[in-house]
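Asker: Next up, data-v5.tsv (TSV, C-alpha atoms).
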chain	number	residue	atom	x	y	z
A	19	MET	CA	100.27	93.83	97.96
A	20	PHE	CA	101.63	97.15	99.13
A	21	LYS	CA	98.74	98.06	101.35
A	22	LYS	CA	100.66	97.55	104.56
A	23	PHE	CA	104.04	98.38	103.16
A	24	ASN	CA	106.26	100.12	105.67
A	25	PRO	CA	109.61	101.31	104.31
A	26	GLN	CA	111.29	101.23	107.71
A	27	GLY	CA	110.50	97.65	108.52
A	28	ASP	CA	109.85	95.97	105.20
A	29	ILE	CA	112.97	96.92	103.29
A	30	VAL	CA	115.65	94.38	104.03
A	31	SER	CA	118.49	95.63	101.90
A	32	GLN	CA	119.41	98.01	99.13
A	33	VAL	CA	122.27	96.92	96.93
A	34	PRO	CA	123.63	98.01	93.57
A	35	ILE	CA	122.94	95.50	90.81
A	36	LYS	CA	125.85	93.88	88.99
A	37	SER	CA	126.05	94.75	85.32
A	38	SER	CA	125.67	91.11	84.33
A	39	VAL	CA	122.49	90.88	86.36
A	40	GLN	CA	121.37	94.20	84.89
A	41	ARG	CA	121.67	92.70	81.45
A	42	SER	CA	119.54	89.70	82.33
A	43	ILE	CA	116.90	91.90	83.96
A	44	ARG	CA	116.84	94.14	80.93
A	45	ASN	CA	116.43	91.14	78.65
A	46	GLN	CA	113.66	89.74	80.79
A	47	ILE	CA	111.82	93.04	80.74
A	48	LEU	CA	112.24	93.33	76.98
A	49	GLU	CA	110.88	89.84	76.59
A	50	GLN	CA	107.92	90.66	78.76
A	51	PHE	CA	107.20	94.04	77.20
A	52	PRO	CA	108.41	93.96	73.59
A	53	SER	CA	106.65	97.25	72.88
A	54	VAL	CA	108.98	99.07	75.22
A	55	GLU	CA	112.09	98.48	73.15
A	56	PRO	CA	112.45	101.95	71.60
A	57	PHE	CA	112.40	103.48	75.07
A	58	ILE	CA	114.46	100.97	77.00
A	59	GLU	CA	117.43	103.30	77.23
A	60	ASP	CA	115.21	105.96	78.81
A	61	ILE	CA	113.62	103.59	81.29
A	62	LEU	CA	116.64	101.50	82.20
A	63	PRO	CA	119.70	103.52	81.27
A	64	ARG	CA	122.81	101.39	80.97
A	65	LYS	CA	125.07	104.00	82.49
A	66	GLU	CA	123.13	104.73	85.65
A	67	LYS	CA	123.33	102.98	88.96
A	68	TRP	CA	120.70	100.30	89.37
A	69	ILE	CA	119.53	99.53	92.85
A	70	LEU	CA	117.88	96.32	93.92
A	71	ILE	CA	115.69	96.76	96.95
A	72	LYS	CA	114.80	93.58	98.69
A	73	CYS	CA	111.70	93.58	100.83
A	74	HIS	CA	109.89	91.14	103.01
A	75	GLY	CA	107.84	88.49	101.30
A	76	HIS	CA	110.49	88.00	98.60
A	77	MET	CA	109.56	91.26	96.98
A	78	ASN	CA	112.19	92.90	94.83
A	79	LEU	CA	112.05	96.48	93.65
A	80	ILE	CA	114.28	97.97	91.01
A	81	SER	CA	115.21	101.60	91.21
A	82	ILE	CA	117.54	103.76	89.18
A	83	ASN	CA	119.71	106.09	91.24
A	84	TYR	CA	117.54	105.71	94.32
A	85	GLU	CA	114.60	107.25	92.52
A	86	GLN	CA	111.10	105.88	92.78
A	87	PRO	CA	111.15	102.16	91.95
A	88	ILE	CA	110.16	101.45	88.37
A	89	PHE	CA	109.77	97.69	88.38
A	90	PHE	CA	109.00	95.13	91.03
A	91	ASN	CA	108.60	91.39	91.14
A	92	LEU	CA	107.94	88.54	93.50
A	93	ARG	CA	110.67	85.94	93.96
A	94	THR	CA	111.78	85.37	90.39
A	95	GLY	CA	108.39	86.06	88.88
A	96	PRO	CA	107.54	88.45	86.08
A	97	TYR	CA	108.31	92.14	86.49
A	98	PHE	CA	105.46	94.52	87.15
A	99	PRO	CA	105.87	98.13	86.06
A	100	SER	CA	105.19	100.68	88.74
A	101	LEU	CA	102.26	103.03	88.21
A	102	ARG	CA	104.50	106.02	87.56
A	103	LEU	CA	106.13	104.11	84.74
A	104	LEU	CA	102.75	103.01	83.45
A	105	HIS	CA	101.60	106.61	83.45
A	106	ALA	CA	104.53	107.58	81.28
A	107	TYR	CA	104.20	104.58	78.97
A	108	PRO	CA	100.54	103.56	79.08
A	109	PHE	CA	100.93	101.01	76.29
A	110	LEU	CA	102.99	98.73	78.54
A	111	LEU	CA	100.04	96.72	79.79
A	112	PRO	CA	96.73	95.70	78.26
A	113	ARG	CA	94.06	97.99	79.59
A	114	LEU	CA	90.87	97.21	81.40
A	115	GLN	CA	88.50	100.02	82.22
A	116	VAL	CA	86.35	99.99	85.32
A	117	ASP	CA	83.28	102.11	85.91
A	118	LYS	CA	83.32	105.18	88.06
A	119	GLY	CA	81.84	103.53	91.14
A	120	ALA	CA	84.77	101.17	91.46
A	121	ILE	CA	87.49	103.83	91.64
A	122	ARG	CA	86.91	104.63	95.28
A	123	HIS	CA	87.33	101.02	96.34
A	124	ILE	CA	90.34	100.34	94.17
A	125	LEU	CA	92.12	103.34	95.66
A	126	LYS	CA	91.63	101.67	99.02
A	127	GLY	CA	93.26	98.51	97.74
A	128	ALA	CA	90.25	96.37	96.92
A	129	ASP	CA	90.40	93.76	94.18
A	130	ILE	CA	88.45	94.49	91.04
A	131	MET	CA	85.13	92.67	90.99
A	132	CYS	CA	83.45	91.42	87.83
A	133	PRO	CA	80.49	93.84	87.85
A	134	GLY	CA	82.92	96.75	87.84
A	135	LEU	CA	84.22	95.51	84.51
A	136	THR	CA	80.92	94.65	82.84
A	137	SER	CA	78.72	97.66	83.66
A	138	ALA	CA	78.00	100.56	81.34
A	139	GLY	CA	81.05	102.70	82.04
A	140	ALA	CA	83.50	99.82	81.90
A	141	ARG	CA	85.36	98.50	78.90
A	142	MET	CA	87.21	95.33	78.09
A	143	ASP	CA	88.44	95.82	74.57
A	144	GLU	CA	90.94	93.02	74.45
A	145	GLU	CA	90.37	89.32	74.91
A	146	LEU	CA	92.60	88.29	77.80
A	147	GLY	CA	93.21	85.00	79.51
A	148	SER	CA	93.47	84.54	83.24
A	149	ASN	CA	96.71	85.27	85.06
A	150	ARG	CA	97.59	88.18	82.82
A	151	MET	CA	99.14	91.40	84.00
A	152	VAL	CA	96.82	94.33	83.31
A	153	GLY	CA	96.62	98.04	83.88
A	154	ILE	CA	93.41	99.23	85.44
A	155	PHE	CA	92.03	102.43	83.97
A	156	ALA	CA	88.81	104.16	84.88
A	157	GLU	CA	85.80	105.63	83.18
A	158	GLY	CA	86.42	109.27	82.31
A	159	LYS	CA	90.00	109.20	83.61
A	160	GLU	CA	93.11	109.41	81.55
A	161	HIS	CA	95.65	107.65	83.71
A	162	ALA	CA	95.89	104.20	85.20
A	163	LEU	CA	94.96	103.78	88.83
A	164	ALA	CA	96.12	100.23	89.50
A	165	VAL	CA	98.18	97.33	88.26
A	166	GLY	CA	96.65	93.91	88.66
A	167	VAL	CA	96.59	90.28	87.60
A	168	THR	CA	93.48	88.81	86.06
A	169	LYS	CA	91.93	85.95	88.00
A	170	LEU	CA	89.40	85.16	85.29
A	171	SER	CA	89.59	85.43	81.54
A	172	THR	CA	87.57	88.25	80.02
A	173	GLU	CA	85.25	85.60	78.64
A	174	ASP	CA	84.56	84.30	82.14
A	175	VAL	CA	84.17	87.78	83.56
A	176	LYS	CA	81.31	88.38	81.16
A	177	ASN	CA	79.69	85.02	81.78
A	178	VAL	CA	80.10	84.63	85.53
A	179	ASN	CA	79.90	88.32	86.45
A	180	LYS	CA	80.50	87.62	90.10
A	181	GLY	CA	83.46	87.76	92.46
A	182	VAL	CA	87.04	88.86	91.95
A	183	ALA	CA	88.05	89.48	88.36
A	184	VAL	CA	91.42	91.16	88.83
A	185	GLU	CA	93.68	90.97	91.81
A	186	ASN	CA	94.88	94.40	92.87
A	187	ILE	CA	98.68	94.36	93.04
A	188	HIS	CA	99.66	97.99	93.11
A	189	TYR	CA	97.36	101.01	93.27
A	190	LEU	CA	97.60	104.78	93.56
A	191	ASN	CA	98.69	105.99	96.96
A	192	ASP	CA	99.70	102.59	98.31
A	193	GLY	CA	102.98	101.92	100.06
A	194	LEU	CA	104.98	101.57	96.86
A	195	TRP	CA	103.54	104.76	95.41
A	196	LYS	CA	104.48	106.69	98.52
A	197	LEU	CA	107.89	105.07	98.90
A	198	SER	CA	110.67	107.57	98.73
A	199	LEU	CA	114.18	106.18	98.80
A	200	GLY	CA	115.85	109.55	99.09
A	201	GLU	CA	114.72	109.80	102.68
A	202	GLN	CA	115.95	106.32	103.39
A	203	GLN	CA	119.38	107.27	102.22
A	204	SER	CA	119.89	110.33	104.32
B	26	MET	CA	76.95	113.61	85.80
B	27	ALA	CA	78.70	116.73	86.93
B	28	SER	CA	81.86	114.93	87.86
B	29	HIS	CA	81.88	113.17	84.52
B	30	SER	CA	82.12	116.36	82.55
B	31	PHE	CA	84.70	117.44	85.06
B	32	SER	CA	87.11	114.71	84.13
B	33	GLU	CA	86.30	114.92	80.43
B	34	GLU	CA	87.12	118.57	80.53
B	35	ARG	CA	90.49	117.94	82.02
B	36	GLY	CA	91.25	114.78	80.15
B	37	THR	CA	91.74	116.80	77.00
B	38	THR	CA	93.74	119.61	78.49
B	39	CYS	CA	97.51	119.68	78.46
B	40	LEU	CA	97.95	117.21	81.27
B	41	THR	CA	100.11	115.12	78.98
B	42	ASN	CA	102.10	115.80	75.88
B	43	GLN	CA	100.07	113.58	73.62
B	44	ASP	CA	102.42	113.43	70.68
B	45	GLN	CA	105.20	111.39	72.18
B	46	TYR	CA	106.21	109.06	74.95
B	47	PRO	CA	107.01	109.23	77.75
B	48	TYR	CA	103.96	111.12	78.84
B	49	ASN	CA	104.86	113.83	81.23
B	50	VAL	CA	102.16	113.35	83.83
B	51	ILE	CA	101.74	116.16	86.31
B	52	TYR	CA	101.13	115.02	89.85
B	53	CYS	CA	99.41	117.02	92.52
B	54	GLY	CA	101.92	118.46	94.96
B	55	ASN	CA	99.49	118.07	97.79
B	56	CYS	CA	98.49	114.42	97.49
B	57	SER	CA	100.99	113.12	94.88
B	58	LEU	CA	98.23	111.62	92.70
B	59	PRO	CA	97.45	112.65	89.14
B	60	PHE	CA	95.04	115.57	89.24
B	61	GLU	CA	92.07	113.54	88.13
B	62	TYR	CA	92.23	111.39	91.27
B	63	CYS	CA	92.50	114.25	93.74
B	64	GLU	CA	88.76	114.16	94.32
B	65	TYR	CA	89.04	110.76	96.00
B	66	ASN	CA	91.06	112.16	98.89
B	67	GLY	CA	88.16	113.13	101.06
B	68	PRO	CA	86.46	116.50	100.86
B	69	GLU	CA	88.85	118.59	102.92
B	70	GLU	CA	92.01	117.22	101.39
B	71	PHE	CA	90.53	117.74	97.96
B	72	GLN	CA	90.03	121.40	98.73
B	73	ARG	CA	93.70	121.65	99.56
B	74	CYS	CA	94.55	119.88	96.30
B	75	LEU	CA	92.50	122.43	94.42
B	76	LEU	CA	94.29	125.25	96.18
B	77	TRP	CA	97.63	123.74	95.29
B	78	ARG	CA	96.56	123.47	91.69
B	79	ARG	CA	95.39	127.06	91.64
B	80	GLU	CA	98.74	128.25	92.93
B	81	ASN	CA	101.02	126.05	90.85
B	82	TYR	CA	99.15	125.31	87.65
B	83	PRO	CA	96.72	128.17	87.13
B	84	GLU	CA	96.41	127.22	83.47
B	85	LEU	CA	94.99	123.84	84.46
B	86	PHE	CA	92.66	125.31	87.03
B	87	SER	CA	89.38	125.54	85.16
B	88	THR	CA	86.30	127.45	86.11
B	89	TYR	CA	84.70	124.14	86.95
B	90	ASP	CA	87.43	123.54	89.53
B	91	GLU	CA	86.75	126.98	90.90
B	92	SER	CA	83.12	126.06	91.44
B	93	LEU	CA	84.19	123.00	93.44
B	94	LEU	CA	86.00	125.11	95.97
B	95	THR	CA	83.82	125.68	98.97
B	96	ASP	CA	83.39	129.15	100.35
B	97	ALA	CA	85.59	128.44	103.34
B	98	PHE	CA	88.54	127.72	101.08
B	99	LYS	CA	87.88	130.14	98.30
B	100	ASN	CA	89.95	133.07	99.43
B	101	VAL	CA	92.71	131.42	101.40
B	102	SER	CA	96.09	130.30	100.16
B	103	LEU	CA	97.34	126.76	100.52
B	104	ALA	CA	99.80	127.65	103.26
B	105	ASP	CA	97.02	129.21	105.30
B	106	SER	CA	94.79	126.20	105.07
B	107	LEU	CA	97.64	123.88	105.92
B	108	SER	CA	98.63	125.80	109.01
B	109	LYS	CA	95.01	125.84	110.04
B	110	ALA	CA	94.83	122.09	109.74
B	111	VAL	CA	97.99	121.67	111.78
B	112	GLU	CA	96.60	123.99	114.40
B	113	SER	CA	93.40	122.06	114.79
B	114	ASN	CA	95.41	118.86	115.05
B	115	ASN	CA	97.55	120.35	117.78
B	116	ASN	CA	94.52	121.46	119.69
B	117	SER	CA	93.01	118.03	119.71
B	118	SER	CA	96.23	116.33	120.75
B	119	SER	CA	96.96	118.76	123.56
B	120	LYS	CA	93.52	118.06	124.93
B	121	LYS	CA	94.34	114.37	125.08
B	122	LYS	CA	97.46	114.93	127.12
B	123	SER	CA	95.74	116.67	129.98
B	124	PRO	CA	97.81	116.32	133.16
B	125	ILE	CA	94.83	115.39	135.32
B	126	ASN	CA	94.66	111.86	134.06
B	127	PRO	CA	98.10	110.69	132.97
B	128	GLU	CA	97.87	108.37	130.04
B	129	VAL	CA	100.01	105.28	129.70
B	130	VAL	CA	100.55	104.26	126.12
B	131	ILE	CA	101.69	100.81	125.14
B	132	ALA	CA	102.93	100.85	121.59
B	133	ARG	CA	104.61	98.43	119.33
B	134	ALA	CA	107.47	99.57	117.17
B	135	GLN	CA	109.34	97.74	114.52
B	136	ARG	CA	113.07	97.30	114.64
B	137	LYS	CA	115.07	95.86	111.81
B	138	GLY	CA	113.07	93.36	109.82
B	139	ARG	CA	110.30	91.64	111.68
B	140	LYS	CA	111.74	92.28	115.10
B	141	GLN	CA	109.46	94.24	117.33
B	142	VAL	CA	109.74	96.07	120.59
B	143	THR	CA	107.11	97.23	123.01
B	144	ILE	CA	107.31	100.82	124.10
B	145	ILE	CA	105.50	101.95	127.19
B	146	SER	CA	105.36	105.69	127.51
B	147	GLY	CA	103.68	107.99	129.96
B	148	LEU	CA	104.59	105.90	132.98
B	149	ASP	CA	106.82	108.63	134.39
B	150	LYS	CA	103.78	110.75	135.10
B	151	THR	CA	102.10	108.03	137.13
B	152	GLY	CA	104.83	108.05	139.75
B	153	VAL	CA	106.17	104.61	138.92
B	154	LYS	CA	109.94	104.44	138.93
B	155	LEU	CA	110.92	103.58	135.40
B	156	SER	CA	114.08	101.71	136.27
B	157	GLU	CA	112.12	99.72	138.80
B	158	PHE	CA	109.50	98.94	136.23
B	159	SER	CA	111.99	97.81	133.62
B	160	ARG	CA	113.59	95.49	136.17
B	161	VAL	CA	110.22	93.89	136.86
B	162	CYS	CA	109.65	93.54	133.13
B	163	LYS	CA	112.99	91.81	132.66
B	164	LYS	CA	112.08	89.25	135.28
B	165	GLN	CA	108.54	88.84	134.10
B	166	PHE	CA	109.13	88.44	130.42
B	167	SER	CA	112.71	87.16	130.60
B	168	CYS	CA	113.88	89.57	127.97
B	169	GLY	CA	115.71	92.83	127.74
B	170	ALA	CA	114.03	95.97	128.99
B	171	SER	CA	115.47	99.39	129.46
B	172	VAL	CA	114.68	103.02	130.03
B	173	VAL	CA	115.33	105.07	126.93
B	174	THR	CA	114.76	108.64	125.98
B	175	ALA	CA	112.22	109.00	123.22
B	176	PRO	CA	112.73	111.49	120.39
B	177	ASP	CA	110.41	113.92	122.14
B	178	MET	CA	112.68	113.86	125.23
B	179	ARG	CA	110.31	111.80	127.32
B	180	GLU	CA	111.53	108.80	129.19
B	181	VAL	CA	109.95	105.57	128.04
B	182	VAL	CA	110.46	101.92	128.86
B	183	GLU	CA	111.41	99.78	125.92
B	184	ILE	CA	110.91	96.04	126.12
B	185	GLN	CA	112.32	93.68	123.54
B	186	GLY	CA	109.74	91.62	121.78
B	187	PRO	CA	106.06	92.03	121.02
B	188	ILE	CA	104.41	91.51	124.38
B	189	PHE	CA	101.56	94.01	124.50
B	190	GLY	CA	98.88	91.78	125.99
B	191	THR	CA	100.86	90.62	128.99
B	192	SER	CA	102.55	93.94	129.52
B	193	ARG	CA	99.15	95.58	129.68
B	194	ILE	CA	98.13	93.33	132.54
B	195	LEU	CA	101.37	94.13	134.33
B	196	VAL	CA	100.90	97.86	133.93
B	197	CYS	CA	97.34	97.70	135.16
B	198	ASN	CA	98.28	95.68	138.22
B	199	GLY	CA	101.52	97.45	139.02
Starting from the file, lay out its structure as C-alpha cells.

Answerer:
Amino acid sequence: MFKKFNPQGDIVSQVPIKSSVQRSIRNQILEQFPSVEPFIEDILPRKEKWILIKCHGHMNLISINYEQPIFFNLRTGPYFPSLRLLHAYPFLLPRLQVDKGAIRHILKGADIMCPGLTSAGARMDEELGSNRMVGIFAEGKEHALAVGVTKLSTEDVKNVNKGVAVENIHYLNDGLWKLSLGEQQS
Amino acid sequence: MASHSFSEERGTTCLTNQDQYPYNVIYCGNCSLPFEYCEYNGPEEFQRCLLWRRENYPELFSTYDESLLTDAFKNVSLADSLSKAVESNNNSSSKKKSPINPEVVIARAQRKGRKQVTIISGLDKTGVKLSEFSRVCKKQFSCGASVVTAPDMREVVEIQGPIFGTSRILVCNG
C-alpha cells in the first residue's frame, strides 16, 4: 500500500486531532487491541499533541508530536499499527512466520504466497480466519518485517497452498517506514 | 545454512530488552532497518551497514559479522566508504552531462496533490530560446508555461499539466 508513497505529493494535510476525536480513536484502538491496555499511555499519551495526516486514497496516519506515524487506517476502517510500533510491542498482532526465501520478496512489497507459509521454515501457530490483520515474521529473525491482511484462512492456506495468502499492507523500508515528518515541518 | 546461524546468533544477543515492553529495537543507522534485515540491502549497502554497526555498536558486532566484511571494506571507516560511493556517483553523472551532445530532459514533477507539471531542462544548451519555446508551448497545449530557474540554477521550461508525450514530439520537431 505504501510502495509508491511519496510524502511530497501524497500527504494532503496535517492537522492536530481534537481531544474528543482522540478519545474515540483511543477507544477504537483499545477495542481492536485489548492486549495493549497497560501500555496505552505510552503509545498514545493523552497530554501530547496528536497529528492526523491525511493522504491520498483516504489513508489516514496518526502521529504523536510529528514523530513517525504509529497507526494508520483506510477511510474509517480498522487501525493498523506501524512496524515500529509492532517491533516495540510484538504481541499486538497474531504472528505468521514465513520461510527465509520469502523475505527478499516481501521486502520488495510482494504479497505473501501460500507456499511461503507452509514450507519447513514457516509457522502458523494460530488458527486464523480470512480478513484478519497479522504481523509477518520470518524464519530465524526476531522482528516483524511486514503487516498484512489474510486473504485465506489458515485452514485454506494449508489445503489450497497456492496463490496469495496474505496481502502485504506495510513492509520494512516502504514509504511509510521511510516517512519522516520532521523534514516536512521545516 | 551459514546465514541461519548468523541470525540465530544475533537473535539472542541484547538487541532487545527481553524482560519488558516496549522492546527497545536498535535500528541500523545506515539503512534504518533492524540489524537482522541489513543483509537484504544488496551486497555493497550491506557492507556499509556492517561498518556502521562496527563503529556504533561494537558489542553487537560479532566475529561472524567480521567474516562477512569483504576485504575491500575491512579496513576502511564508514565515512570513507560513503565518500567513495558519492565520488563514483559523481563521476558517472558528470560523464552523462558531456557538453558535446546536450541532453534535453523531459521530467514530470508533482505539485500539490495530484497536480503535475512537465519540466523540460537542458534546452538552453541546444540554442533554443526558452521564452520562445514556452510561448509555443502555451499555444500548443493551451496551458500555462513559463521559464523558471531550477534549484541548481539552470533555466528550465515548466509547463502546467502532465503532457510528456506530446511535448516530446514538439521538442524533437522544434

Asker: Using all atoms listed in the file, I'd like every residue of chain A that has an atom within 6 Å of chain B; please write them out as a list of chain:residue names.

Answerer: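 That gives A:Gly27, A:Ala106, A:Tyr107, A:Gly158, A:Glu160 for chain A.
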
Asker: Every residue with an atom at most 12 Å from (97.7, 103.9, 75.4) (file coordinates; all atoms listed in the file) is what I'm after, so could you write them as a list in words?

Answerer: Ser53, Leu104, His105, Ala106, Tyr107, Pro108, Phe109, Leu110, Leu111, Pro112, Arg113, Leu114, Gly153, Ile154, Phe155, Glu160, His161 and Ala162 of chain A; Gln43, Asp44, Gln45, Tyr46, Pro47 and Tyr48 of chain B

Asker: Find the distance between CA of Val165 (chain A) and CA of Asn186 (chain A) and write it in Å to one decimal.

Answerer: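 Interatomic distance here is 6.4 Å.
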
Asker: Rounded to one decimal in Å, what is the spacing between CA of Ser81 (chain A) and CA of Val152 (chain A)?

Answerer: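 Distance between the two atoms: 21.3 Å.
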
Asker: Just the residues within 7 Å of Gly139 (chain A), please, counting only C-alpha atoms, with nothing from its chain fewer than 4 positions along; format it as an MDAnalysis selection string.

Answerer: chainID A and resid 116:118 157

Asker: Quick one: pull the distance between CA of Ala156 (chain A) and CA of Gln115 (chain A), Å, one decimal.

Answerer: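 Between these atoms lies a distance of 4.9 Å.
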
Asker: So, counting all atoms listed in the file, which residue among B:Ser159, B:Asn55, B:Thr174, B:Gln185 is closest to Arg73 (chain B)?

Answerer: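 Checking each candidate against Arg73 (chain B), we get B:Asn55 as the closest.
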
Asker: For a quick check of your reading of the model, name the residues lying within 12 Å of the coordinate (128.3, 104.0, 88.4), counting all atoms listed in the file, and write them as a PyMOL selection string.

Answerer: chain A and resi 34-37+63-69+82-83

Asker: Give the centre and edge lengths of an axis-aligned box, in Å to one decimal, that holds all listed atoms of region 142-148 of chain B with 5 Å on each side, as JSON.

Answerer:
{"center_x": 106.7, "center_y": 102.0, "center_z": 126.8, "size_x": 16.1, "size_y": 21.9, "size_z": 22.4}
